[in-house]
Each structure stands twice: as C-alpha cells, then as structure tokens.
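This is entry-v2.cif (mmCIF, C-alpha atoms and all ligand atoms).
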data_upload
#
loop_
_atom_site.label_atom_id
_atom_site.label_comp_id
_atom_site.auth_asym_id
_atom_site.auth_seq_id
_atom_site.Cartn_x
_atom_site.Cartn_y
_atom_site.Cartn_z
CA MET A 1 0.00 0.00 0.00
CA GLY A 2 3.06 2.17 0.08
CA TRP A 3 2.39 3.92 3.38
CA ALA A 4 4.64 2.03 5.73
CA ALA A 5 8.09 2.91 4.49
CA ALA A 6 7.73 6.29 6.08
CA ILE A 7 6.71 4.84 9.42
CA ARG A 8 9.06 2.12 10.41
CA GLU A 9 11.74 -0.05 8.89
CA ILE A 10 12.79 -3.07 10.95
CA SER A 11 13.91 -6.52 10.15
CA VAL A 12 12.89 -9.61 12.10
CA THR A 13 13.02 -13.29 11.19
CA VAL A 14 10.07 -14.42 13.28
CA VAL A 15 7.01 -12.22 13.59
CA ARG A 16 5.66 -12.53 17.12
CA PHE A 17 2.33 -10.86 17.63
CA CYS A 18 -0.63 -10.95 19.97
CA LEU A 19 -3.62 -12.52 18.28
CA ILE A 20 -7.01 -11.47 19.60
CA GLU A 21 -9.65 -13.49 17.78
CA GLY A 22 -12.53 -11.52 19.29
CA ASP A 23 -16.26 -12.15 19.18
CA GLY A 24 -18.97 -12.94 16.62
CA ILE A 25 -17.29 -13.47 13.25
CA GLY A 26 -13.91 -12.63 14.82
CA PRO A 27 -12.71 -16.22 15.24
CA GLU A 28 -13.88 -17.08 11.69
CA VAL A 29 -12.01 -14.24 9.97
CA SER A 30 -9.00 -14.85 12.25
CA ARG A 31 -8.76 -18.51 11.20
CA ALA A 32 -9.00 -17.50 7.55
CA THR A 33 -6.21 -14.97 8.06
CA LEU A 34 -3.99 -17.51 9.80
CA ARG A 35 -4.41 -19.77 6.75
CA VAL A 36 -3.15 -16.94 4.56
CA LEU A 37 -0.21 -16.29 6.89
CA GLU A 38 0.63 -19.99 6.67
CA ALA A 39 0.82 -19.59 2.89
CA VAL A 40 3.02 -16.50 3.31
CA SER A 41 5.28 -18.50 5.61
CA LYS A 42 5.66 -21.28 3.01
CA ARG A 43 6.37 -18.89 0.18
CA PHE A 44 8.59 -16.32 1.90
CA GLY A 45 10.06 -18.31 4.79
CA ILE A 46 8.80 -15.85 7.38
CA GLY A 47 8.05 -17.44 10.75
CA PHE A 48 4.89 -16.42 12.56
CA GLU A 49 4.38 -16.78 16.27
CA PRO A 50 0.84 -15.74 17.17
CA VAL A 51 0.41 -15.41 20.92
CA LEU A 52 -3.25 -16.06 21.58
CA CYS A 53 -4.69 -13.38 23.88
CA GLU A 54 -8.24 -13.24 25.10
CA ALA A 55 -10.33 -10.07 24.91
CA GLY A 56 -13.94 -9.15 24.29
CA ASP A 57 -17.40 -10.32 25.34
CA GLU A 58 -16.40 -13.98 25.64
CA ALA A 59 -13.32 -13.09 27.67
CA ALA A 60 -15.53 -11.05 30.01
CA LYS A 61 -17.71 -14.13 30.57
CA ARG A 62 -14.80 -16.54 31.01
CA ARG A 63 -12.26 -14.33 32.77
CA GLY A 64 -14.39 -11.67 34.44
CA SER A 65 -12.84 -8.87 32.37
CA PRO A 66 -13.14 -7.99 28.66
CA LEU A 67 -9.46 -7.04 28.69
CA PRO A 68 -7.71 -9.37 31.13
CA GLU A 69 -4.53 -8.02 32.74
CA GLU A 70 -2.49 -10.76 31.03
CA THR A 71 -3.71 -9.67 27.58
CA LEU A 72 -2.84 -6.04 28.22
CA ARG A 73 0.58 -7.01 29.57
CA LYS A 74 1.39 -9.18 26.54
CA ALA A 75 0.10 -6.57 24.11
CA LYS A 76 2.35 -3.93 25.65
CA GLU A 77 5.34 -6.27 25.86
CA ILE A 78 5.07 -7.52 22.27
CA GLY A 79 3.82 -4.22 20.84
CA ILE A 80 2.13 -5.80 17.82
CA VAL A 81 -1.50 -6.89 17.90
CA LEU A 82 -3.51 -8.52 15.16
CA LYS A 83 -7.11 -8.49 16.24
CA GLY A 84 -10.47 -9.62 15.05
CA PRO A 85 -13.50 -7.54 16.04
CA VAL A 86 -14.80 -7.72 19.57
CA GLY A 87 -18.46 -7.14 20.44
CA GLU A 88 -20.37 -5.08 22.98
CA THR A 89 -17.28 -4.68 25.17
CA ALA A 90 -15.42 -2.88 22.36
CA GLY A 91 -15.41 0.34 24.39
CA GLU A 92 -13.51 -1.43 27.17
CA VAL A 93 -11.12 -3.27 24.86
CA VAL A 94 -10.35 -1.44 21.64
CA THR A 95 -10.13 2.09 22.99
CA VAL A 96 -8.09 0.98 26.01
CA LEU A 97 -5.63 -0.97 23.87
CA ARG A 98 -5.20 2.03 21.56
CA ARG A 99 -4.47 4.32 24.52
CA GLU A 100 -2.19 1.85 26.31
CA LEU A 101 -0.17 1.13 23.16
CA GLY A 102 -0.20 4.79 22.14
CA THR A 103 -1.49 4.12 18.63
CA TYR A 104 -2.23 7.70 17.67
CA ALA A 105 -3.42 7.23 14.10
CA ALA A 106 -5.63 4.77 12.26
CA ILE A 107 -4.74 4.33 8.61
CA ARG A 108 -7.86 3.05 6.87
CA PRO A 109 -7.70 2.41 3.14
CA ALA A 110 -11.01 1.87 1.35
CA LYS A 111 -10.55 0.71 -2.20
CA THR A 112 -12.79 -0.86 -4.80
CA LEU A 113 -10.97 -4.07 -5.66
CA PRO A 114 -11.02 -5.72 -9.12
CA GLY A 115 -14.36 -7.29 -10.02
CA VAL A 116 -16.15 -5.74 -7.03
CA SER A 117 -19.11 -3.44 -7.70
CA PRO A 118 -18.86 -0.19 -5.77
CA ARG A 119 -22.11 0.72 -3.99
CA CYS A 120 -22.13 4.27 -5.37
CA GLY A 121 -21.59 3.30 -8.98
CA LYS A 122 -18.08 4.78 -9.04
CA PRO A 123 -14.88 3.11 -7.81
CA LEU A 124 -13.41 4.44 -4.61
CA ASP A 125 -9.77 4.65 -3.59
CA VAL A 126 -9.24 6.70 -0.46
CA VAL A 127 -7.16 6.48 2.70
CA ILE A 128 -8.74 7.81 5.85
CA VAL A 129 -6.16 8.91 8.41
CA ARG A 130 -8.02 9.08 11.69
CA GLU A 131 -6.74 10.72 14.88
CA LEU A 132 -7.12 7.87 17.36
CA LEU A 133 -6.51 9.01 20.93
CA GLU A 134 -8.57 12.15 21.45
CA GLY A 135 -11.97 13.62 20.63
CA VAL A 136 -14.81 12.05 22.58
CA TYR A 137 -12.81 8.81 22.73
CA VAL A 138 -11.17 10.00 25.94
CA GLN A 139 -14.36 8.41 27.29
CA THR A 140 -14.91 10.97 30.02
CA GLU A 141 -18.64 11.32 30.52
CA TYR A 142 -20.70 12.62 33.39
CA VAL A 143 -24.26 11.53 34.03
CA ASP A 144 -26.51 13.26 36.53
CA VAL A 145 -27.35 10.14 38.47
CA VAL A 146 -29.95 11.94 40.57
CA SER A 147 -32.28 12.98 37.75
CA ASN A 148 -30.84 10.58 35.19
CA SER A 149 -31.92 13.13 32.61
CA PHE A 150 -28.67 14.92 31.85
CA ALA A 151 -25.32 13.72 30.55
CA VAL A 152 -22.25 15.46 29.23
CA ALA A 153 -19.17 14.17 27.38
CA LEU A 154 -15.72 15.69 27.22
CA ARG A 155 -14.08 16.23 23.83
CA VAL A 156 -10.34 16.77 23.67
CA ALA A 157 -8.23 18.22 20.87
CA SER A 158 -4.55 19.02 21.30
CA ALA A 159 -2.02 20.60 19.00
CA ARG A 160 0.43 17.78 19.77
CA GLU A 161 -1.81 14.92 18.62
CA THR A 162 -3.21 16.88 15.67
CA GLU A 163 0.31 17.71 14.54
CA ARG A 164 1.62 14.16 14.57
CA VAL A 165 -1.39 12.67 12.82
CA ALA A 166 -1.23 15.47 10.21
CA ARG A 167 2.49 14.75 9.57
CA LEU A 168 1.61 11.09 9.01
CA ALA A 169 -1.21 12.05 6.62
CA ALA A 170 1.26 14.20 4.66
CA ARG A 171 3.73 11.31 4.37
CA ILE A 172 0.98 9.02 3.12
CA ALA A 173 -0.24 11.69 0.67
CA ARG A 174 3.26 12.12 -0.78
CA GLY A 175 3.14 8.46 -1.82
CA ARG A 176 -0.23 9.06 -3.50
CA ARG A 177 -1.75 12.18 -5.16
CA GLY A 178 -0.19 14.69 -2.76
CA ILE A 179 -3.56 16.02 -1.56
CA VAL A 180 -4.99 15.88 1.95
CA SER A 181 -8.60 16.80 2.72
CA ILE A 182 -9.10 17.95 6.30
CA ILE A 183 -12.54 16.91 7.54
CA HIS A 184 -14.03 18.92 10.38
CA LYS A 185 -17.04 20.76 11.76
CA ALA A 186 -15.32 24.01 12.72
CA ASN A 187 -18.39 26.03 11.74
CA VAL A 188 -20.06 24.73 14.93
CA LEU A 189 -17.27 23.34 17.12
CA HIS A 190 -15.02 26.39 16.94
CA GLY A 191 -12.76 25.22 19.78
CA THR A 192 -12.03 21.56 19.16
CA CYS A 193 -12.62 21.28 15.41
CA GLY A 194 -11.21 24.78 14.93
CA LEU A 195 -7.95 23.74 16.57
CA PHE A 196 -7.84 20.48 14.60
CA ARG A 197 -8.41 22.35 11.32
CA ASP A 198 -5.93 25.16 12.01
CA VAL A 199 -3.09 22.97 13.30
CA ALA A 200 -3.59 20.37 10.55
CA LYS A 201 -3.61 23.07 7.88
CA ARG A 202 -0.39 24.67 9.15
CA VAL A 203 1.40 21.31 9.37
CA LEU A 204 0.21 20.10 5.96
CA GLU A 205 1.27 23.35 4.33
CA GLU A 206 4.69 23.06 5.98
CA GLU A 207 4.89 19.52 4.61
CA GLY A 208 4.22 20.82 1.11
CA VAL A 209 1.07 18.89 0.25
CA VAL A 210 -2.06 20.35 -1.30
CA VAL A 211 -4.61 21.06 1.44
CA GLU A 212 -8.37 20.99 1.03
CA GLU A 213 -11.00 21.17 3.73
CA TYR A 214 -14.58 19.97 4.01
CA TYR A 215 -17.28 20.03 6.65
CA VAL A 216 -17.90 16.45 7.67
CA ASP A 217 -21.58 16.40 6.64
CA ALA A 218 -20.78 17.60 3.12
CA ALA A 219 -17.80 15.24 2.95
CA ALA A 220 -20.16 12.30 3.59
CA ALA A 221 -22.43 13.38 0.74
CA LEU A 222 -19.55 14.13 -1.63
CA LEU A 223 -17.93 10.79 -0.88
CA VAL A 224 -21.04 9.17 -2.35
CA ARG A 225 -21.50 11.65 -5.21
CA THR A 226 -17.91 12.24 -6.33
CA PRO A 227 -15.59 9.81 -4.54
CA GLU A 228 -12.81 10.63 -7.01
CA ARG A 229 -12.37 14.07 -5.43
CA PHE A 230 -10.91 12.46 -2.29
CA ASP A 231 -7.57 10.78 -1.79
CA VAL A 232 -6.23 11.13 1.77
CA MET A 233 -8.86 12.27 4.27
CA LEU A 234 -7.55 13.52 7.64
CA THR A 235 -10.21 13.30 10.32
CA PRO A 236 -10.78 13.73 14.03
CA ASN A 237 -11.50 10.50 15.86
CA LEU A 238 -15.29 10.14 15.71
CA PHE A 239 -15.69 11.46 12.15
CA GLY A 240 -13.06 8.94 11.01
CA ASP A 241 -14.95 6.14 12.72
CA ILE A 242 -18.12 6.94 10.79
CA LEU A 243 -16.54 7.85 7.46
CA SER A 244 -14.40 4.72 7.38
CA ASP A 245 -17.47 2.47 7.57
CA LEU A 246 -19.14 4.58 4.88
CA ALA A 247 -16.07 4.45 2.64
CA ALA A 248 -15.63 0.69 3.09
CA GLU A 249 -19.25 0.01 2.18
CA LEU A 250 -19.16 2.40 -0.79
CA ALA A 251 -16.04 0.65 -2.05
CA GLY A 252 -17.95 -2.63 -2.07
CA SER A 253 -18.43 -4.03 1.44
CA LEU A 254 -17.62 -3.39 5.06
CA GLY A 255 -15.84 -6.72 4.84
CA LEU A 256 -13.08 -5.21 2.69
CA SER A 257 -11.41 -2.46 4.71
CA PRO A 258 -8.53 -2.87 7.15
CA SER A 259 -7.15 -0.53 9.76
CA ALA A 260 -3.51 -0.10 10.80
CA ASN A 261 -3.49 1.67 14.14
CA VAL A 262 0.05 2.90 14.54
CA GLY A 263 2.12 4.43 17.28
CA ASP A 264 5.81 5.26 17.27
CA LYS A 265 6.81 1.63 17.83
CA THR A 266 3.51 -0.16 18.31
CA GLY A 267 0.78 -1.34 15.97
CA ILE A 268 -2.71 -2.76 16.27
CA PHE A 269 -4.01 -4.22 13.02
CA GLU A 270 -7.70 -4.98 12.69
CA PRO A 271 -10.63 -4.94 10.30
CA VAL A 272 -12.73 -1.75 10.27
CA HIS A 273 -15.90 -3.82 10.70
CA GLY A 274 -17.38 -5.22 13.89
CA ALA A 275 -18.36 -8.62 15.25
CA ALA A 276 -21.33 -8.93 12.81
CA PHE A 277 -23.42 -11.00 15.21
CA ASP A 278 -26.14 -11.28 12.53
CA ILE A 279 -23.95 -13.65 10.46
CA ALA A 280 -21.70 -15.11 13.17
CA GLY A 281 -21.28 -18.89 13.15
CA MET A 282 -22.55 -19.21 9.58
CA GLY A 283 -19.07 -19.33 8.03
CA ILE A 284 -19.97 -16.70 5.44
CA ALA A 285 -18.11 -13.62 6.71
CA ASN A 286 -15.78 -11.90 4.29
CA PRO A 287 -12.24 -12.29 5.72
CA THR A 288 -10.67 -9.77 3.32
CA ALA A 289 -10.51 -6.88 5.80
CA MET A 290 -8.66 -8.96 8.38
CA MET A 291 -6.34 -10.43 5.72
CA LEU A 292 -5.53 -6.91 4.53
CA ALA A 293 -4.95 -5.90 8.15
CA ALA A 294 -2.36 -8.70 8.33
CA ALA A 295 -0.85 -7.38 5.08
CA MET A 296 -0.60 -3.91 6.64
CA MET A 297 1.14 -5.47 9.65
CA LEU A 298 3.70 -7.09 7.34
CA ASP A 299 4.17 -3.89 5.37
CA TRP A 300 4.78 -1.98 8.61
CA LEU A 301 7.35 -4.58 9.66
CA GLY A 302 9.20 -4.12 6.40
CA TYR A 303 7.98 -7.27 4.61
CA ARG A 304 6.81 -5.41 1.51
CA ASP A 305 6.86 -8.42 -0.85
CA ALA A 306 4.82 -10.59 1.50
CA ALA A 307 2.32 -7.79 2.08
CA ARG A 308 1.99 -7.18 -1.64
CA ALA A 309 1.54 -10.93 -2.26
CA ILE A 310 -1.48 -11.01 0.07
CA GLU A 311 -3.00 -7.95 -1.61
CA LYS A 312 -2.36 -9.35 -5.09
CA ALA A 313 -3.75 -12.79 -4.22
CA ILE A 314 -6.94 -11.17 -2.89
CA GLU A 315 -7.23 -9.02 -6.01
CA ASP A 316 -6.68 -12.03 -8.29
CA ALA A 317 -9.15 -14.20 -6.37
CA LEU A 318 -11.83 -11.50 -6.56
CA ALA A 319 -11.10 -10.83 -10.23
CA SER A 320 -11.57 -14.56 -10.95
CA GLY A 321 -15.07 -14.36 -9.45
CA ALA A 322 -14.29 -15.88 -6.04
CA ARG A 323 -16.35 -14.01 -3.46
CA THR A 324 -18.32 -14.27 -0.27
CA PRO A 325 -22.07 -13.50 -0.01
CA ASP A 326 -21.63 -9.83 0.99
CA LEU A 327 -20.16 -9.33 -2.52
CA GLY A 328 -22.87 -11.39 -4.20
CA GLY A 329 -20.96 -14.69 -4.21
CA ASN A 330 -21.51 -17.98 -2.46
CA LEU A 331 -18.09 -18.92 -1.10
CA LYS A 332 -17.68 -19.69 2.58
CA THR A 333 -15.09 -17.78 4.61
CA MET A 334 -12.56 -20.63 4.55
CA GLU A 335 -13.18 -21.35 0.86
CA PHE A 336 -12.28 -17.78 0.04
CA ALA A 337 -9.22 -18.07 2.29
CA GLU A 338 -8.13 -21.15 0.29
CA GLU A 339 -8.50 -19.20 -2.97
CA VAL A 340 -6.17 -16.54 -1.59
CA ALA A 341 -3.73 -18.95 0.09
CA LYS A 342 -3.29 -21.17 -2.98
CA ARG A 343 -2.42 -18.13 -5.12
CA ILE A 344 0.22 -17.05 -2.61
CA GLU A 345 1.67 -20.56 -2.37
CA ALA A 346 1.73 -20.96 -6.16
CA GLY A 347 3.92 -17.87 -6.32
CA ASN A 348 1.88 -16.13 -8.97
CA ALA A 349 0.50 -13.48 -6.68
N1 LIG B 1 -12.91 -2.88 16.25
C1 LIG B 1 -13.87 -3.63 16.80
O1 LIG B 1 -13.57 -4.57 17.51
C2 LIG B 1 -15.31 -3.30 16.47
C3 LIG B 1 -15.63 -2.43 15.42
C4 LIG B 1 -16.95 -2.14 15.16
C5 LIG B 1 -17.95 -2.73 15.91
N2 LIG B 1 -17.63 -3.58 16.93
C6 LIG B 1 -18.67 -4.30 17.70
O2 LIG B 1 -19.27 -5.25 16.82
C7 LIG B 1 -20.62 -5.51 17.21
C8 LIG B 1 -21.53 -5.44 16.00
O3 LIG B 1 -21.52 -4.10 15.49
P1 LIG B 1 -22.42 -3.57 14.32
O4 LIG B 1 -23.49 -4.55 14.00
O5 LIG B 1 -22.77 -2.19 14.61
O6 LIG B 1 -21.41 -3.48 13.07
P2 LIG B 1 -20.73 -4.65 12.21
O7 LIG B 1 -19.60 -4.02 11.46
O8 LIG B 1 -20.40 -5.82 13.03
O9 LIG B 1 -21.86 -5.09 11.16
C9 LIG B 1 -22.55 -4.17 10.31
C10 LIG B 1 -23.10 -4.94 9.10
O10 LIG B 1 -22.01 -5.29 8.23
C11 LIG B 1 -21.95 -6.71 8.05
N3 LIG B 1 -20.54 -7.12 8.09
C12 LIG B 1 -19.58 -6.66 8.92
N4 LIG B 1 -18.43 -7.28 8.70
C13 LIG B 1 -18.64 -8.18 7.72
C14 LIG B 1 -17.81 -9.12 7.04
N5 LIG B 1 -16.52 -9.27 7.33
N6 LIG B 1 -18.38 -9.89 6.07
C15 LIG B 1 -19.66 -9.73 5.75
N7 LIG B 1 -20.50 -8.85 6.34
C16 LIG B 1 -19.99 -8.07 7.31
C17 LIG B 1 -22.72 -7.30 9.22
O11 LIG B 1 -23.22 -8.58 8.90
C18 LIG B 1 -23.80 -6.25 9.45
O12 LIG B 1 -24.88 -6.44 8.58
C19 LIG B 1 -20.95 -4.48 18.28
O13 LIG B 1 -20.99 -5.15 19.50
C20 LIG B 1 -19.81 -3.45 18.22
O14 LIG B 1 -19.51 -2.90 19.47
C21 LIG B 1 -16.32 -3.89 17.20
C1 LIG B 2 -15.83 -0.54 18.36
C2 LIG B 2 -15.36 0.84 18.44
C3 LIG B 2 -14.69 1.10 19.77
C4 LIG B 2 -14.46 1.24 17.30
C5 LIG B 2 -14.34 2.76 17.29
O1 LIG B 2 -15.34 3.46 17.48
O2 LIG B 2 -13.22 3.22 17.09
C6 LIG B 2 -14.87 0.80 15.91
O3 LIG B 2 -16.06 1.36 15.49
C7 LIG B 2 -13.77 1.09 14.91
O4 LIG B 2 -14.00 1.82 13.95
O5 LIG B 2 -12.67 0.58 15.10
#

Could I get this structure in the form of structure tokens?
Amino acid sequence: MGWAAAIREISVTVVRFCLIEGDGIGPEVSRATLRVLEAVSKRFGIGFEPVLCEAGDEAAKRRGSPLPEETLRKAKEIGIVLKGPVGETAGEVVTVLRRELGTYAAIRPAKTLPGVSPRCGKPLDVVIVRELLEGVYVQTEYVDVVSNSFAVALRVASARETERVARLAARIARGRRGIVSIIHKANVLHGTCGLFRDVAKRVLEEEGVVVEEYYVDAAAALLVRTPERFDVMLTPNLFGDILSDLAAELAGSLGLSPSANVGDKTGIFEPVHGAAFDIAGMGIANPTAMMLAAAMMLDWLGYRDAARAIEKAIEDALASGARTPDLGGNLKTMEFAEEVAKRIEAGNA
C-alpha cells in the first residue's frame, strides 16, 4: 500500500504478535487470516508466532474482564496486535488498547478491488487517516445520576496529537496524489474542530502537500457523489470512525477495509468492521478486511513483498469471481481463504 516505508523499517526473522480473535465473526475471519499467513510462511520463509490473547465479550464471561490483565501485559510487551473484532465490550477493549499502546493514528484504506461493484456506482480509492486518541474517545462522561436526565461528554483536541497525525497524513499523501482533505465541523465546534483544522492546515502546508477542507456532513455526501475528489482524508476520531465504515461500504463491502493503528513503535491491526453477530457462526463472513490488516502489519514490519503478495492474491481471487455472499458470491469464509492462500503458495500473486 506504500504507506509504511515512512513509518518504520525493521527486520525480524520471526514475527511474534498478539492474536485477539474476538467475538462474533472474529474467530472465523482470524482462522481464515492464519491460513493466509501460513501460505506466506511457506512462500517467503517468514516465521509467525501468534500469541493467543483473550479479549472481548467472551473473555468477560470466562475471565471476568473484557481485557484481562495478562492480555494487556502481553500486548504492551510484544507491541504488535492482530485483532479480530470484539463485540459489545469494544469500548472497554479497543479504545483501552489504543491508549495503552499509544497508537495515535488509524490508517484506513477503502478501495474498490477488481471485479467488485462499488455501492455508489463509481470506484473508490481513499485512505482515511483518523486521529485515534482524542476527541470524545477519551471516554470521560458525566451523568446526573440523581435525575438521570442529563449527561455530558468531554471532547479533547490538542495541537500535539493533531500535529503528529497530520504529519503522518502528509507522508501518506506524498506516496499518492499529494492532496490531503481535512474533515471537520469548525463552523459549529469552533474550539475543538477549529484547533484540529488550524493545526492540521499549518502542518500540511509546511509539509508541502495540497490542502483541502470539508465540513464532515458535506464530505459524507460528496464521498457518495464524487468519490474521485478524495484521496487522503484527515479526520478527528469520531468522524473517522463513521466515514471509514461509509467508505468501506461504498467501495464494495464493510468486509473489505482494514485498519492499521500505529504508534511510534507499536501497531494494532484490525478490520474496520465489527463482530457482525447477525452472520456469526454461519461461516460466510468476508475475511478480506482482516487479511488486509495482516498485510498492513507485514508492510509496517518491512515485509513489503509478503504484504503485496497477500493484496495481489486477494485481487486475483476477486477478479476470478471468487467471493463471499456480501459481494454477491456464495463462497464460505474458509473457501475464500483457500483461494487466496493457494495463489500465494503458487507464487503467482
Ligand atoms: N474494532 C472492533 O472490535 C469493532 C468495530 C466495530 C464494531 N464492533 C462491535 O461489533 C458488534 C456489532 O456491530 P455492528 O453490527 O454495529 O457493526 P458490524 O460491522 O459488526 O456489522 C454491520 C453490518 O455489516 C456486516 N458485516 C460486517 N463485517 C462483515 C464481514 N466481514 N463480512 C460480511 N458482512 C460483514 C454485518 O453482517 C452487518 O450487517 C458491536 O458489539 C460493536 O460494538 C467492534
Ligand atoms: C468498536 C469501536 C470502539 C471502534 C471505534 O469506534 O473506534 C470501531 O467502530 C472502529 O472503527 O474501530
């Protein structure tokens, strides 16, 4: 995907990572992704050492906590997490992991892949760069417990976090069309969105990329009407959450988009989608987003060829007509995984 070179360049022979399978379809897309990593291992000789860590709704039932102490300790010690979606406890797992590992930006590509019909009639190819530690995600809320009729949430924006996520967006943009669209709502939220817009604009101009800005409501409409006008979209936390689901679905399916949540030396790689309880246990979930999350992990670690092989095998499988029901096909999750894995093993992806 060409974004990682600017972030980190390390070389390891065995990739040790925490694997959180999660809830709902999480274990299904995780198993499919492990099959693809097995193929990568055969083809490229990279060793993988997934350290199974529990987190999510099931962990809460079994261990009394959605994010057991042991999981948090291992995640911080290893610093690399590949995770499936968790369920209703996401607010106690995902947001805490992001804060504890200091992953300040979510890089969320949404791209219409070969043979996939975009939902808006036009292909989409955008990267959402989402600030990931601030906004309302500081999760500081006050409820008037006496009347139970009033609640207030804190929203945080700092120059420091805005600046580093903007510098990352600029680096990503330089490897693409050189344009960053700042998404905000500074016409109403003069303080928080105003700061985000002003700091981001200054930094992006310093970085020498073309800067555009859009109010988030219009950006949502324009993403559907004229997706080609966007390339890299830099967003505050909550807007990025919403727009990345929209972009993934417009590109073809929520099952297609990965997220690389990166810190200075830590990374959490996950699909954008959730636990999809409505289809869990049916073996029909699209594992592409989680496979692409694994590809982003490899890219970030410096294994460009292996990452590209996963992307190419997915593209080739889709182009050949292999697809899961969300894309109008009838393949099961593991059948699609086999289509991808065999292309990697054969060496023609
Ligand atoms: N990062 C995370 O761990 C994460 C992210 C989002 C939601 N969640 C959690 O997931 C649970 C369900 O959330 P939701 O229903 O709002 O959103 P969702 O993303 O799970 O599902 C929305 C719709 O998209 C479909 N879908 C999602 N992923 C798919 C895939 N890979 N293949 C095919 N179809 C797919 C689902 O079937 C559903 O119709 C909630 O408990 C939520 O808290 C977790
Ligand atoms: C589940 C939730 C905590 C999470 C978020 O809001 O960030 C999810 O929607 C995402 O996009 O990763």

Got a sec to check which residues lie within 8 Å of ligand LIG 1 (chain B), using only C-alpha atoms and all ligand atoms, and send them as a PDB file with C-alpha atoms, in the frame of the given file?
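Saved to out-v7.pdb:
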ATOM      1  CA  GLY A  22     -12.530 -11.520  19.290  1.00  0.00           C
ATOM      2  CA  ASP A  23     -16.260 -12.150  19.180  1.00  0.00           C
ATOM      3  CA  GLY A  24     -18.970 -12.940  16.620  1.00  0.00           C
ATOM      4  CA  ILE A  25     -17.290 -13.470  13.250  1.00  0.00           C
ATOM      5  CA  VAL A  29     -12.010 -14.240   9.970  1.00  0.00           C
ATOM      6  CA  LYS A  83      -7.110  -8.490  16.240  1.00  0.00           C
ATOM      7  CA  GLY A  84     -10.470  -9.620  15.050  1.00  0.00           C
ATOM      8  CA  PRO A  85     -13.500  -7.540  16.040  1.00  0.00           C
ATOM      9  CA  VAL A  86     -14.800  -7.720  19.570  1.00  0.00           C
ATOM     10  CA  GLY A  87     -18.460  -7.140  20.440  1.00  0.00           C
ATOM     11  CA  GLU A  88     -20.370  -5.080  22.980  1.00  0.00           C
ATOM     12  CA  THR A  89     -17.280  -4.680  25.170  1.00  0.00           C
ATOM     13  CA  ALA A  90     -15.420  -2.880  22.360  1.00  0.00           C
ATOM     14  CA  GLY A  91     -15.410   0.340  24.390  1.00  0.00           C
ATOM     15  CA  VAL A  93     -11.120  -3.270  24.860  1.00  0.00           C
ATOM     16  CA  VAL A  94     -10.350  -1.440  21.640  1.00  0.00           C
ATOM     17  CA  ASP A 245     -17.470   2.470   7.570  1.00  0.00           C
ATOM     18  CA  SER A 253     -18.430  -4.030   1.440  1.00  0.00           C
ATOM     19  CA  LEU A 254     -17.620  -3.390   5.060  1.00  0.00           C
ATOM     20  CA  GLY A 255     -15.840  -6.720   4.840  1.00  0.00           C
ATOM     21  CA  LEU A 256     -13.080  -5.210   2.690  1.00  0.00           C
ATOM     22  CA  GLU A 270      -7.700  -4.980  12.690  1.00  0.00           C
ATOM     23  CA  PRO A 271     -10.630  -4.940  10.300  1.00  0.00           C
ATOM     24  CA  VAL A 272     -12.730  -1.750  10.270  1.00  0.00           C
ATOM     25  CA  HIS A 273     -15.900  -3.820  10.700  1.00  0.00           C
ATOM     26  CA  GLY A 274     -17.380  -5.220  13.890  1.00  0.00           C
ATOM     27  CA  ALA A 275     -18.360  -8.620  15.250  1.00  0.00           C
ATOM     28  CA  ALA A 276     -21.330  -8.930  12.810  1.00  0.00           C
ATOM     29  CA  PHE A 277     -23.420 -11.000  15.210  1.00  0.00           C
ATOM     30  CA  ASP A 278     -26.140 -11.280  12.530  1.00  0.00           C
ATOM     31  CA  ILE A 279     -23.950 -13.650  10.460  1.00  0.00           C
ATOM     32  CA  ALA A 280     -21.700 -15.110  13.170  1.00  0.00           C
ATOM     33  CA  ILE A 284     -19.970 -16.700   5.440  1.00  0.00           C
ATOM     34  CA  ALA A 285     -18.110 -13.620   6.710  1.00  0.00           C
ATOM     35  CA  ASN A 286     -15.780 -11.900   4.290  1.00  0.00           C
ATOM     36  CA  PRO A 287     -12.240 -12.290   5.720  1.00  0.00           C
ATOM     37  CA  THR A 288     -10.670  -9.770   3.320  1.00  0.00           C
ATOM     38  CA  ALA A 289     -10.510  -6.880   5.800  1.00  0.00           C
ATOM     39  CA  MET A 290      -8.660  -8.960   8.380  1.00  0.00           C
ATOM     40  CA  THR A 324     -18.320 -14.270  -0.270  1.00  0.00           C
ATOM     41  CA  PRO A 325     -22.070 -13.500  -0.010  1.00  0.00           C
ATOM     42  CA  ASP A 326     -21.630  -9.830   0.990  1.00  0.00           C
TER      43      ASP A 326
END

Pick out the closest residue to A:Thr13 from this set: A:Arg108, A:Phe44, A:Arg35, A:Leu67. Count all atoms listed in the file.
-> A:Phe44

Neighbours of point (10.5, -13.8, 10.1) within 10 Å, using all atoms listed in the file, written as a PyMOL selection string | chain A and resi 11-16+41+44-49+298+301+303

What lies within 10 Å of stretch 308-320 of chain A using all atoms listed in the file, ignoring chain neighbours under 2 positions off, as an MDAnalysis selection string?
-> chainID A and resid 1:2 36:37 39:40 43:44 112:116 288 291:292 294:296 298:299 303:306 322:324 327 329 336:345 347:349

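The closest residue to A:Val262, picked from A:Arg62, A:His184, A:Leu52, A:Trp300 and counting all atoms listed in the file, is A:Trp300.
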
Just the residues within 10 Å of A:Asn187, please, counting only C-alpha atoms, with nothing from its chain fewer than 6 positions along; format it as JSON, numbers by chain.
-> {"A": [193, 194, 215]}
